[in-house]
Structure formats: C-alpha cells, structure tokens
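Okay, work-v4.pdb is below, PDB, C-alpha atoms:
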```
ATOM      1  CA  MET A 184      15.931 101.082 -17.694
ATOM      2  CA  SER A 185      16.979 104.352 -19.207
ATOM      3  CA  LEU A 186      20.300 105.346 -20.733
ATOM      4  CA  ALA A 187      21.197 107.115 -17.476
ATOM      5  CA  ASP A 188      21.193 103.723 -15.687
ATOM      6  CA  PHE A 189      24.217 102.727 -17.786
ATOM      7  CA  ALA A 190      26.256 105.920 -17.366
ATOM      8  CA  ASP A 191      29.749 105.281 -15.989
ATOM      9  CA  ARG A 192      29.046 101.547 -15.646
ATOM     10  CA  LYS A 193      30.301  98.463 -17.380
ATOM     11  CA  TYR A 194      27.457  96.526 -18.903
ATOM     12  CA  ASP A 195      26.928  93.045 -20.254
ATOM     13  CA  PHE A 196      24.846  91.757 -23.141
ATOM     14  CA  LEU A 197      21.607  90.330 -21.849
ATOM     15  CA  ALA A 198      21.807  86.624 -22.716
ATOM     16  CA  LEU A 199      18.957  85.477 -20.486
ATOM     17  CA  GLN A 200      15.760  87.017 -21.814
ATOM     18  CA  ASN A 201      12.146  86.867 -20.621
ATOM     19  CA  VAL A 202      13.209  88.648 -17.448
ATOM     20  CA  ASN A 203      10.467  90.827 -15.999
ATOM     21  CA  THR A 204      11.485  92.945 -13.032
ATOM     22  CA  ALA A 205       7.876  93.262 -11.829
ATOM     23  CA  ARG A 206       7.368  89.508 -11.380
ATOM     24  CA  GLU A 207       9.134  86.183 -11.503
ATOM     25  CA  SER A 208       9.715  84.842 -14.980
ATOM     26  CA  LYS A 209      11.084  81.804 -16.749
ATOM     27  CA  LEU A 210      14.460  82.450 -18.370
ATOM     28  CA  GLY A 211      15.284  81.789 -21.994
ATOM     29  CA  LEU A 212      18.735  81.936 -23.607
ATOM     30  CA  VAL A 213      18.377  84.567 -26.347
ATOM     31  CA  LEU A 214      20.857  87.189 -27.518
ATOM     32  CA  TYR A 215      18.465  88.693 -30.060
ATOM     33  CA  ASP A 216      15.194  87.830 -31.748
ATOM     34  CA  GLU A 217      12.720  89.379 -34.188
ATOM     35  CA  ASP A 218      11.651  91.945 -31.581
ATOM     36  CA  ASN A 219      15.042  92.897 -30.133
ATOM     37  CA  SER A 220      18.384  93.511 -31.771
ATOM     38  CA  GLY A 221      20.195  92.929 -28.518
ATOM     39  CA  ARG A 222      19.905  94.303 -25.002
ATOM     40  CA  ILE A 223      22.337  95.180 -22.277
ATOM     41  CA  CYS A 224      22.089  94.903 -18.511
ATOM     42  CA  THR A 225      23.675  96.160 -15.301
ATOM     43  CA  GLY A 226      22.982  95.790 -11.589
ATOM     44  CA  ILE A 227      21.205  92.817 -10.081
ATOM     45  CA  GLN A 228      20.160  91.604 -13.537
ATOM     46  CA  LYS A 229      23.811  91.456 -14.622
ATOM     47  CA  LEU A 230      24.759  89.691 -11.373
ATOM     48  CA  SER A 231      21.936  87.157 -11.791
ATOM     49  CA  GLN A 232      23.141  86.423 -15.293
ATOM     50  CA  ARG A 233      26.746  85.997 -14.119
ATOM     51  CA  TRP A 234      25.647  83.538 -11.440
ATOM     52  CA  LEU A 235      23.321  81.583 -13.739
ATOM     53  CA  LEU A 236      25.869  81.251 -16.531
ATOM     54  CA  GLU A 237      28.455  79.974 -14.040
ATOM     55  CA  PHE A 238      25.895  77.575 -12.530
ATOM     56  CA  MET A 239      24.828  76.188 -15.916
ATOM     57  CA  THR A 240      28.398  75.727 -17.189
ATOM     58  CA  GLU A 241      29.764  72.242 -16.636
ATOM     59  CA  LYS A 242      33.066  72.374 -14.790
ATOM     60  CA  GLY A 243      35.864  71.444 -17.205
ATOM     61  CA  SER A 244      33.824  72.214 -20.335
ATOM     62  CA  MET A 245      35.698  75.419 -21.221
ATOM     63  CA  PRO A 246      39.113  74.799 -22.786
ATOM     64  CA  GLY A 247      41.673  77.013 -21.105
ATOM     65  CA  LEU A 248      39.389  77.649 -18.108
ATOM     66  CA  PRO A 249      38.962  74.174 -16.590
ATOM     67  CA  SER A 250      38.010  75.472 -13.132
ATOM     68  CA  ARG A 251      35.044  77.571 -14.362
ATOM     69  CA  GLY A 252      31.515  76.304 -13.820
ATOM     70  CA  SER A 253      30.082  73.778 -11.416
ATOM     71  CA  ASP A 254      29.314  70.070 -11.211
ATOM     72  CA  PHE A 255      25.537  70.608 -11.038
ATOM     73  CA  MET A 256      24.788  70.185 -14.749
ATOM     74  CA  THR A 257      27.142  67.210 -14.957
ATOM     75  CA  LEU A 258      25.192  65.494 -12.183
ATOM     76  CA  ILE A 259      21.924  66.282 -13.993
ATOM     77  CA  ARG A 260      23.284  64.917 -17.278
ATOM     78  CA  GLN A 261      24.426  61.738 -15.526
ATOM     79  CA  GLY A 262      20.984  61.277 -13.963
ATOM     80  CA  ARG A 263      22.358  61.419 -10.423
ATOM     81  CA  LEU A 264      19.954  63.994  -8.991
ATOM     82  CA  ARG A 265      16.752  62.081  -8.311
ATOM     83  CA  THR A 266      15.354  63.598  -5.114
ATOM     84  CA  GLN A 267      14.836  67.103  -3.770
ATOM     85  CA  LEU A 268      17.522  66.389  -1.169
ATOM     86  CA  ASP A 269      19.986  65.436  -3.957
ATOM     87  CA  VAL A 270      19.180  68.678  -5.777
ATOM     88  CA  ARG A 271      19.510  70.848  -2.655
ATOM     89  CA  GLN A 272      22.846  69.311  -1.660
ATOM     90  CA  SER A 273      24.245  69.656  -5.187
ATOM     91  CA  PHE A 274      22.912  73.200  -5.469
ATOM     92  CA  ASN A 275      24.587  74.195  -2.201
ATOM     93  CA  ALA A 276      27.919  72.663  -3.259
ATOM     94  CA  ALA A 277      27.727  74.435  -6.638
ATOM     95  CA  ASN A 278      26.788  77.721  -4.983
ATOM     96  CA  LEU A 279      29.831  77.588  -2.678
ATOM     97  CA  ARG A 280      32.091  77.058  -5.686
ATOM     98  CA  ILE A 281      30.406  79.841  -7.655
ATOM     99  CA  ARG A 282      30.652  82.239  -4.693
ATOM    100  CA  VAL A 283      34.446  81.862  -4.700
ATOM    101  CA  THR A 284      34.673  82.229  -8.486
ATOM    102  CA  LEU A 285      32.482  85.327  -8.682
ATOM    103  CA  GLN A 286      33.999  87.056  -5.675
ATOM    104  CA  ASN A 287      37.522  86.388  -7.016
ATOM    105  CA  GLU A 288      36.711  88.209 -10.259
ATOM    106  CA  GLU A 289      35.142  91.208  -8.521
ATOM    107  CA  TYR A 290      37.260  94.340  -8.206
ATOM    108  CA  GLU A 291      37.509  97.458  -6.095
ATOM    109  CA  GLY A 292      35.068 100.051  -7.372
ATOM    110  CA  MET A 293      32.653  97.493  -8.815
ATOM    111  CA  PRO A 294      29.071  98.578  -7.998
ATOM    112  CA  ALA A 295      27.661  96.781  -4.953
ATOM    113  CA  ASP A 296      24.531  95.794  -6.892
ATOM    114  CA  GLU A 297      26.748  93.739  -9.240
ATOM    115  CA  ARG A 298      28.785  92.054  -6.500
ATOM    116  CA  PHE A 299      27.688  88.617  -5.319
ATOM    117  CA  ASP A 300      26.438  88.032  -1.803
ATOM    118  CA  ASP A 301      24.305  84.891  -1.937
ATOM    119  CA  ALA A 302      22.087  82.583  -3.956
ATOM    120  CA  GLU A 303      19.342  80.627  -2.240
ATOM    121  CA  LEU A 304      17.342  77.735  -3.626
ATOM    122  CA  LEU A 305      13.787  78.712  -2.699
ATOM    123  CA  SER A 306      12.011  75.719  -4.177
ATOM    124  CA  VAL A 307      12.566  72.711  -6.362
ATOM    125  CA  ALA A 308      10.087  70.565  -8.258
ATOM    126  CA  ILE A 309      11.107  67.358  -9.985
ATOM    127  CA  LEU A 310       8.816  66.875 -12.971
ATOM    128  CA  PRO A 311       8.894  64.416 -15.889
ATOM    129  CA  GLY A 312      11.742  65.514 -18.159
ATOM    130  CA  TYR A 313      12.842  68.559 -16.210
ATOM    131  CA  LEU A 314      13.691  70.095 -12.890
ATOM    132  CA  ASN A 315      12.105  73.429 -11.962
ATOM    133  CA  MET A 316      14.049  75.581  -9.483
ATOM    134  CA  ARG A 317      13.310  79.015  -8.021
ATOM    135  CA  VAL A 318      16.537  80.740  -7.004
ATOM    136  CA  MET A 319      16.970  84.087  -5.249
ATOM    137  CA  ILE A 320      20.173  85.942  -6.121
ATOM    138  CA  THR A 321      21.256  88.655  -3.658
ATOM    139  CA  SER A 322      23.829  91.367  -4.296
ATOM    140  CA  GLN A 323      26.079  93.021  -1.724
ATOM    141  CA  ALA A 324      23.823  96.083  -2.061
ATOM    142  CA  GLY A 325      20.928  93.967  -0.793
ATOM    143  CA  ASP A 326      19.135  93.864  -4.156
ATOM    144  CA  GLU A 327      17.364  90.570  -4.839
ATOM    145  CA  ARG A 328      16.178  88.832  -7.983
ATOM    146  CA  VAL A 329      14.162  85.624  -8.085
ATOM    147  CA  VAL A 330      14.614  83.577 -11.239
ATOM    148  CA  ILE A 331      12.911  80.409 -12.366
ATOM    149  CA  LEU A 332      15.404  77.945 -13.752
ATOM    150  CA  PRO A 333      14.025  75.021 -15.766
ATOM    151  CA  VAL A 334      16.635  72.304 -16.341
ATOM    152  CA  ALA A 335      16.079  69.384 -18.691
ATOM    153  CA  THR A 336      16.699  65.988 -17.073
ATOM    154  CA  LEU A 337      16.894  62.393 -18.146
ATOM    155  CA  PRO A 338      13.488  60.719 -18.444
TER     156      PRO A 338
END
```

Could you take the file, read its structure, and then write that structure out as structure tokens?
Amino acid sequence: MSLADFADRKYDFLALQNVNTARESKLGLVLYDEDNSGRICTGIQKLSQRWLLEFMTEKGSMPGLPSRGSDFMTLIRQGRLRTQLDVRQSFNAANLRIRVTLQNEEYEGMPADERFDDAELLSVAILPGYLNMRVMITSQAGDERVVILPVATLP
C-alpha cells in the first residue's frame, strides 16, 4: 500500500501480522517487531482484523463492554468443540452475533470495503492441540480476504 491509499480514510494499527495479500497466510498477533515499528491498515484488511478481534474476544471478558465478543473462544477453552459439526455450528452462531455488532458500529460514509457483509468458514481441521480454520471475510464492496486462524485447544 502507498500513502495515497490512506488519504481521507480512518486507519487502524495492524495487530494481526503475517498477512500477505498475494496468498493465504497464518495470522500472528504482533503490533511491532524488530523489522517493523508498527503498521497501519485500511480496507478489507482492516475489516478482517475487526472481525477476527471480535471473534477471538470472549463475550463478557471486557469490563464495561460485556456484550462485545462471542462465545466461540469460551467453548474452545471449555473443551466443548470436539467435532467439525460442533465447530461449524459455534462459528455460525458467533458470526451472527459479530455481524450485528460490526454493522451497529458502522456509520454513514464509511468506505464499503471496510463495512461487513459476511464471514464464511471455508474449512476446519481438528488437530492435536489446535483447531485450524480457513475463514473468508467479505466486505460490502465485494472485496474478500481469506485468513487462516489457528486456535489452541485442550489436549
């Protein structure tokens, strides 16, 4: 991205690094490291980050904002998601909740590539110690971003 991509736009700090727009990539939570002093994002990357942060936040874990987040990570932590069907059902329930949350905070004049349209669970693999999910985030502009979301699970 060039500086012109950020002109007249609100941006966010890029918390989820290892994102490569040319291919799918595994996400890592990094605000800065030895190579980068901090990055910013807009567009579908910003929307993907908004969705993922809401998805990964346990509902009720933020004092003062008890309705933020979803139950997905709570169910993972409790060891209640054991099959692909469990994961898909919980993902869909979380996604419905997140849709309402994100769309409620969107405002008139917000760029369409930063407004939420849908998130789809493309695949899920249950592996020893973690769950690997591929999720496609779609904006109201029709932009799409596939992210790989590894989630630690109970052994």

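Restricting the calculation to all atoms listed in the file, the smallest distance between A:Tyr313 and any of A:Met239, A:Met293, A:Leu285, A:Ile259 is found for A:Ile259.
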
With a distance cut-off of 9 Å and all atoms listed in the file, select the neighbouring residues of stretch 294-308 of chain A, excluding the residue or stretch itself and same-chain residues fewer than 5 positions from it, and output the selection as a tab-separated table (two decimals) with C-alpha atoms, keeping the file's coordinate frame.
```tsv
chain	number	residue	atom	x	y	z
A	192	ARG	CA	29.05	101.55	-15.65
A	225	THR	CA	23.68	96.16	-15.30
A	226	GLY	CA	22.98	95.79	-11.59
A	227	ILE	CA	21.20	92.82	-10.08
A	228	GLN	CA	20.16	91.60	-13.54
A	229	LYS	CA	23.81	91.46	-14.62
A	230	LEU	CA	24.76	89.69	-11.37
A	231	SER	CA	21.94	87.16	-11.79
A	234	TRP	CA	25.65	83.54	-11.44
A	267	GLN	CA	14.84	67.10	-3.77
A	270	VAL	CA	19.18	68.68	-5.78
A	271	ARG	CA	19.51	70.85	-2.66
A	274	PHE	CA	22.91	73.20	-5.47
A	275	ASN	CA	24.59	74.19	-2.20
A	278	ASN	CA	26.79	77.72	-4.98
A	282	ARG	CA	30.65	82.24	-4.69
A	285	LEU	CA	32.48	85.33	-8.68
A	286	GLN	CA	34.00	87.06	-5.68
A	289	GLU	CA	35.14	91.21	-8.52
A	313	TYR	CA	12.84	68.56	-16.21
A	314	LEU	CA	13.69	70.10	-12.89
A	315	ASN	CA	12.10	73.43	-11.96
A	316	MET	CA	14.05	75.58	-9.48
A	317	ARG	CA	13.31	79.02	-8.02
A	318	VAL	CA	16.54	80.74	-7.00
A	319	MET	CA	16.97	84.09	-5.25
A	320	ILE	CA	20.17	85.94	-6.12
A	321	THR	CA	21.26	88.66	-3.66
A	322	SER	CA	23.83	91.37	-4.30
A	323	GLN	CA	26.08	93.02	-1.72
A	324	ALA	CA	23.82	96.08	-2.06
A	325	GLY	CA	20.93	93.97	-0.79
A	326	ASP	CA	19.14	93.86	-4.16
A	329	VAL	CA	14.16	85.62	-8.09
```

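Atom CA of A:Val334 to atom CA of A:Gln272 spans 16.2 Å [interatomic distance, one decimal].
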
From A:Gly252, A:Pro333, A:Pro338, A:Gly292, residue lying nearest A:Gly312 [only C-alpha atoms]: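 So, comparing all the options, the nearest one is A:Pro338.
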
One-decimal distance in Å that lies between atom CA of A:Leu337 and atom CA of A:Ile309: 11.2 Å

Given the PyMOL selection byres ((chain A and resi 257) around 10), the residues it picks as a list in words: Met239, Thr240, Glu241, Lys242, Gly243, Ser244, Ser253, Asp254, Phe255, Met256, Leu258, Ile259, Arg260, Gln261, Gly262, Arg263 and Leu264 of chain A

Computed interatomic separation between atom CA of A:Val330 and atom CA of A:Leu268 (Å):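 So the answer is 20.1 Å.
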
Please enclose the listed atoms of stretch 280-288 of chain A in an axis-aligned box, pad each side by 4 Å, and write out the centre and the three edge lengths in Å, rounded to one decimal, as JSON.
```
{"center_x": 34.0, "center_y": 82.6, "center_z": -7.5, "size_x": 15.1, "size_y": 19.2, "size_z": 13.6}
```
